[in-house]
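Asker: Below you'll find the structure I mean.
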Amino acid sequence: MNVRDSEHFVAQLKDEYDLCDDASQADLVLINTCSVREKPVQKLFSEIGALNKIMKPSSKLGVCGCTASHLGKDIIKRAPYVDFVLGARNVSKIKQAINTSKFVSVDINHDETEFAFNDYRPNPYKSYINIMVGCDKKCTYCIVPHTRGQELSVPFSLIFNEAQKASQAGVKELFLLGQNVNNYGKHFSNPHEKMNFSALLMRLSQIEGIERIRFTSPHPLHMDDEFLEIFSQNSKICKSIHMPLQSGSNAILKAMKRGYTKEWFLDRAQKLKKLCGDNLSISTDIIVGFPGESQSDFNDTMDVLNEVRFEQVFSFKYSPRPHTLAATMDNQIPANIASERLTRLQARHNEILDEITNSLENNVLKVYFEELRNDGFVGGRSDNNFAVQVKGSEELLGQILNVKITQAKRMLLNGELV
Ligand code: 5AD
Ligand code: SF4
């Protein structure tokens with residue numbers, strides 16, 4: 001989502017600025033930030049301190065994104081050389097921010113202009129499209145509802161236009177973005193608009209030239225049977241899905257206010273596997289060391305890991321965040337215990353991943369080639385989201401081709417065209 005927000009900044013500024021990769025030469029530096037965990041917030045201040053040392057005195061420095069939302073004017077108090085602060089839901093105010101001294105806007109109110117930006121698509125093969133903003137869930141560990149505000153779906157006509165323009169420009173893959181994509185259509189600013197995520201997927205898949213659709217993140221709670229059917233049956237929808245588990249323990253899921261149980265999560269994952277067959281890959285997010293997490297709660301998470309055998313696991317130690325209920329809970333877990341659980345989880349996942357990747361040798365995967373590497377390889381992603389490379393050159397770029405996997409390493413599969 002931050003990548004797409006950054007693209008929206010460029011879309012609005014591309015007539016007045018050219019992109020450059022050297023901050024010491026730039027007239028404007030924007031730094032986009034995350035705030036889900038504390039570490040990136042600390043990194044922000046070291047980063048802007050270093051930028052301030054190398055930037056030209058006349059240049060402007062803006063801090064944008066979720067940390068901007070959450071710290072607001074305190075950023076300028078702590079780092080007075082920052083020229084403006086623009087919260088995650090204020091992307092459309094970038095020109096005003098540049099032209100107003102010490103501009104701070106961290107509004108989370110709905111602003112229709114935040115949906116429609118000039119065309120800017122740096123990747124000729126894949127197009128990110130925001131389908132909603134904000135989040136209405138109240139997961140007790142999460143700062144996002146505070147920084148990105150209430151959930152609102154982007155009108156279907158805007159999404160459809162953007163997708164059509166992308167396909168006319170030769171893009172074959174759409175990547176739909178939102179905090180809870182499968183809740184799409186619950187809140188439109190026009191109360192008469194009716195559409196849900198399954199219908200959105202169907203309509204986008206009918207656009208000529210679009211061969212692949214990916215999305216992130218769906219919420220396990222909203223994975224109803226209709227969605228699972230459409231996901232499994234529509235051949236344009238890539239068979240790779242992110243199912244953020246967070247915890248496998250029912251007590252912890254309840255304390256997190258996730259709204260589902262371990263059993264529901266396993267049922268959805270198993271049903272998807274049954275409907276999609278071997279080709280499906282499932283990724284997840286897991287938090288260890290949430291307040292009150294006992295050894296047996298953690299073992300429940302390990303159970304789900306072993307049962308679902310996720311291809312990718314993004315795992316984090318719980319990080320207490322301001323404006324969240326969990327940060328006020330009195331049963332916080334000591335850092336060393338959380339670290340030890342994280343290490344165990346990641347070690348077990350690496351074993352699972354090695355078994356999965358090894359089993360891919362000699363399989364044939366459909367790969368969309370997007371990246372020319374300088375060592376004579378061309379890289380891309382399989383339908384089920386594995387990074388694959390083959391020997392080759394430019395002419396493979398933008399093509400979707402069958403590749404037989406000849407050598408499988410943990411993060412990269414080597415193959416040859418068949
Ligand atoms: N501590 C640790 N991880 C968190 N996430 C969100 N909030 C926190 C937190 N306070 C993780 C969740 C989410 C992912 C984007 O970041 O796993 O799915
Ligand atoms: Fe945060 Fe939960 Fe919303 Fe995801 S669904 S952004 S974890 S509050």
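Note on naming: chains are A, B, ... as they come in the structure tokens, residues start from 1 per chain, ligands start from 1 in the order shown.
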Residues within 9 Å of ligand 2 should be enumerated using only C-alpha atoms and all ligand atoms and returned as a ChimeraX atom specification.
Answerer: /A:36,134-146,148,178-180,217-219,244,246,256-258
Asker: Could you turn the residues from that selection into a file that holds C-alpha atoms, as a PDB file, in the first residue's frame?
Answerer:
```
ATOM      1  CA  VAL A  36       2.704  -1.085  12.613  1.00  0.00           C
ATOM      2  CA  GLY A 134      -8.786   2.595   5.938  1.00  0.00           C
ATOM      3  CA  CYS A 135      -9.871  -0.244   8.205  1.00  0.00           C
ATOM      4  CA  ASP A 136     -12.944  -0.739  10.400  1.00  0.00           C
ATOM      5  CA  LYS A 137     -11.616  -3.711  12.334  1.00  0.00           C
ATOM      6  CA  LYS A 138     -10.460  -3.270  15.885  1.00  0.00           C
ATOM      7  CA  CYS A 139      -7.636  -5.771  16.190  1.00  0.00           C
ATOM      8  CA  THR A 140      -6.325  -4.882  19.605  1.00  0.00           C
ATOM      9  CA  TYR A 141      -2.627  -4.802  18.620  1.00  0.00           C
ATOM     10  CA  CYS A 142      -2.997  -2.681  15.499  1.00  0.00           C
ATOM     11  CA  ILE A 143      -2.437   1.038  14.993  1.00  0.00           C
ATOM     12  CA  VAL A 144      -3.708   1.101  11.387  1.00  0.00           C
ATOM     13  CA  PRO A 145      -7.335   2.126  12.101  1.00  0.00           C
ATOM     14  CA  HIS A 146      -5.875   5.109  13.964  1.00  0.00           C
ATOM     15  CA  ARG A 148      -5.608   5.275   8.096  1.00  0.00           C
ATOM     16  CA  GLY A 178      -6.666  -2.811   0.740  1.00  0.00           C
ATOM     17  CA  GLN A 179      -6.542  -3.626   4.453  1.00  0.00           C
ATOM     18  CA  ASN A 180      -9.505  -6.029   4.127  1.00  0.00           C
ATOM     19  CA  SER A 217      -4.920  -8.671   2.221  1.00  0.00           C
ATOM     20  CA  PRO A 218      -8.094 -10.663   2.576  1.00  0.00           C
ATOM     21  CA  HIS A 219      -9.374 -11.199   6.129  1.00  0.00           C
ATOM     22  CA  PRO A 244      -3.176 -13.525   8.015  1.00  0.00           C
ATOM     23  CA  GLN A 246      -1.842 -13.791  13.651  1.00  0.00           C
ATOM     24  CA  MET A 256      -6.805  -9.817  19.566  1.00  0.00           C
ATOM     25  CA  LYS A 257     -10.481  -9.383  18.500  1.00  0.00           C
ATOM     26  CA  ARG A 258      -9.838 -11.169  15.212  1.00  0.00           C
TER      27      ARG A 258
END
```
Asker: Do you know which residues are at most 6 Å from stretch 367-369 of chain A counting only C-alpha atoms, after dropping those on the same chain fewer than 3 positions away, and could you put them as a list of chain:residue names?
Answerer: A:Gly379, A:Gly380, A:Arg381, A:Ser382, A:Leu397, A:Gly398, A:Gln399, A:Ile400, A:Leu401
Asker: Which residues, written as a PyMOL selection string, have at least one atom at most 10 Å from stretch 152-155 of chain A, with only C-alpha atoms counted and residues fewer than 3 positions away on the same chain left out?
Answerer: chain A and resi 110+112+114-116+129-136+149+158-160+178+181+183-190+193-196
Asker: Could those selected residues go to a file with N, CA, C and O atoms, as a short mmCIF file (atom, residue, chain, number, x, y, z; two decimals), in the first residue's frame?
Answerer:
```cif
data_model
loop_
_atom_site.label_atom_id
_atom_site.label_comp_id
_atom_site.auth_asym_id
_atom_site.auth_seq_id
_atom_site.Cartn_x
_atom_site.Cartn_y
_atom_site.Cartn_z
N HIS A 110 -12.82 11.35 5.31
CA HIS A 110 -12.92 10.91 3.94
C HIS A 110 -12.80 12.08 2.97
O HIS A 110 -13.40 13.13 3.16
N GLU A 112 -12.85 12.46 -1.18
CA GLU A 112 -13.05 11.73 -2.45
C GLU A 112 -11.87 11.89 -3.41
O GLU A 112 -11.57 11.00 -4.20
N GLU A 114 -8.92 11.58 -2.85
CA GLU A 114 -7.82 10.65 -2.59
C GLU A 114 -7.88 9.39 -3.47
O GLU A 114 -6.98 8.57 -3.47
N PHE A 115 -8.97 9.25 -4.21
CA PHE A 115 -9.11 8.06 -5.05
C PHE A 115 -8.56 8.22 -6.46
O PHE A 115 -8.19 7.26 -7.11
N ALA A 116 -8.64 9.44 -6.99
CA ALA A 116 -8.34 9.59 -8.41
C ALA A 116 -7.08 10.40 -8.63
O ALA A 116 -7.01 11.56 -8.24
N ILE A 129 -3.58 -1.44 -7.71
CA ILE A 129 -4.79 -0.61 -7.66
C ILE A 129 -5.37 -0.65 -6.24
O ILE A 129 -5.65 -1.72 -5.71
N ASN A 130 -5.52 0.53 -5.64
CA ASN A 130 -6.18 0.60 -4.33
C ASN A 130 -7.67 0.38 -4.53
O ASN A 130 -8.29 1.08 -5.32
N ILE A 131 -8.25 -0.57 -3.82
CA ILE A 131 -9.69 -0.75 -3.96
C ILE A 131 -10.43 -0.25 -2.71
O ILE A 131 -11.64 -0.15 -2.71
N MET A 132 -9.71 0.03 -1.67
CA MET A 132 -10.34 0.60 -0.47
C MET A 132 -9.27 1.34 0.33
O MET A 132 -8.09 1.14 0.12
N VAL A 133 -9.73 2.20 1.22
CA VAL A 133 -8.80 2.84 2.14
C VAL A 133 -9.30 2.59 3.56
O VAL A 133 -10.47 2.27 3.77
N GLY A 134 -8.40 2.71 4.53
CA GLY A 134 -8.79 2.59 5.94
C GLY A 134 -9.12 1.18 6.39
O GLY A 134 -9.01 0.22 5.62
N CYS A 135 -9.52 1.06 7.64
CA CYS A 135 -9.87 -0.24 8.21
C CYS A 135 -10.85 -0.06 9.36
O CYS A 135 -10.61 0.77 10.25
N ASP A 136 -11.94 -0.84 9.34
CA ASP A 136 -12.94 -0.74 10.40
C ASP A 136 -12.79 -1.80 11.47
O ASP A 136 -13.60 -1.88 12.39
N GLY A 149 -7.69 5.57 9.32
CA GLY A 149 -9.11 5.95 9.43
C GLY A 149 -10.07 4.86 9.01
O GLY A 149 -9.70 3.68 8.85
N LEU A 158 -14.13 3.72 -10.91
CA LEU A 158 -12.74 4.19 -10.89
C LEU A 158 -11.76 3.02 -11.00
O LEU A 158 -10.77 3.07 -11.72
N ILE A 159 -12.07 1.95 -10.26
CA ILE A 159 -11.19 0.77 -10.29
C ILE A 159 -11.19 0.18 -11.71
O ILE A 159 -10.14 -0.14 -12.27
N PHE A 160 -12.39 0.07 -12.27
CA PHE A 160 -12.52 -0.53 -13.60
C PHE A 160 -11.76 0.28 -14.65
O PHE A 160 -11.02 -0.26 -15.47
N GLY A 178 -5.78 -3.34 -0.30
CA GLY A 178 -6.67 -2.81 0.74
C GLY A 178 -6.38 -3.54 2.04
O GLY A 178 -5.77 -4.61 2.03
N VAL A 181 -9.46 -6.62 1.77
CA VAL A 181 -10.01 -6.55 0.42
C VAL A 181 -11.32 -7.30 0.25
O VAL A 181 -12.18 -6.88 -0.52
N ASN A 183 -13.70 -7.44 2.11
CA ASN A 183 -14.82 -6.70 2.69
C ASN A 183 -15.22 -5.58 1.72
O ASN A 183 -16.02 -4.70 2.06
N TYR A 184 -14.66 -5.65 0.50
CA TYR A 184 -14.92 -4.60 -0.50
C TYR A 184 -16.43 -4.42 -0.69
O TYR A 184 -17.16 -5.41 -0.80
N GLY A 185 -16.85 -3.17 -0.73
CA GLY A 185 -18.27 -2.90 -1.01
C GLY A 185 -19.13 -2.68 0.21
O GLY A 185 -20.30 -2.36 0.09
N LYS A 186 -18.56 -2.86 1.41
CA LYS A 186 -19.38 -2.66 2.63
C LYS A 186 -19.74 -1.19 2.78
O LYS A 186 -20.85 -0.85 3.13
N HIS A 187 -18.78 -0.29 2.50
CA HIS A 187 -19.05 1.15 2.64
C HIS A 187 -18.56 1.90 1.42
O HIS A 187 -17.35 2.00 1.21
N PHE A 188 -19.51 2.38 0.64
CA PHE A 188 -19.18 3.31 -0.44
C PHE A 188 -19.62 4.70 0.00
O PHE A 188 -20.56 4.83 0.80
N SER A 189 -19.01 5.74 -0.57
CA SER A 189 -19.52 7.08 -0.19
C SER A 189 -20.88 7.32 -0.83
O SER A 189 -21.69 8.08 -0.31
N ASN A 190 -21.14 6.66 -1.95
CA ASN A 190 -22.49 6.72 -2.54
C ASN A 190 -23.29 5.54 -2.00
O ASN A 190 -23.02 4.39 -2.35
N GLU A 193 -24.46 2.62 -4.30
CA GLU A 193 -23.55 1.71 -5.02
C GLU A 193 -23.57 0.34 -4.35
O GLU A 193 -23.47 0.22 -3.13
N LYS A 194 -23.70 -0.71 -5.18
CA LYS A 194 -23.74 -2.08 -4.64
C LYS A 194 -22.72 -2.93 -5.38
O LYS A 194 -22.74 -3.01 -6.60
N MET A 195 -21.87 -3.59 -4.64
CA MET A 195 -20.87 -4.46 -5.26
C MET A 195 -20.14 -5.17 -4.13
O MET A 195 -19.95 -4.59 -3.07
N ASN A 196 -19.74 -6.43 -4.34
CA ASN A 196 -18.90 -7.06 -3.32
C ASN A 196 -17.60 -7.55 -3.98
O ASN A 196 -17.39 -7.38 -5.18
#
```
Asker: Measuring atom to atom with only C-alpha atoms and all ligand atoms, identify which of A:Glu226, A:Glu38, A:Asp27, A:Glu361 is nearest to ligand 1.
Answerer: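 Answer, going by the shortest atom-to-atom distance: A:Glu38.
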Asker: Closest to A:Ala269 among A:Ala251, A:Glu370, A:Leu245, A:Leu177, using only C-alpha atoms?
Answerer: A:Leu245
Asker: Write down as number ranges by chain the residues belonging to stretch 121-268 of chain A that are assigned alpha helix (DSSP H) by DSSP computed on the backbone.
Answerer: A: 144-148, 156-168, 197-205, 225-233, 250-256, 262-268
Asker: With only C-alpha atoms and all ligand atoms as the atoms that count, which of A:Ser281, A:Ser205, A:Ser319, A:Ser58 lies nearest to ligand 1?
Answerer: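 Closest candidate: A:Ser319.
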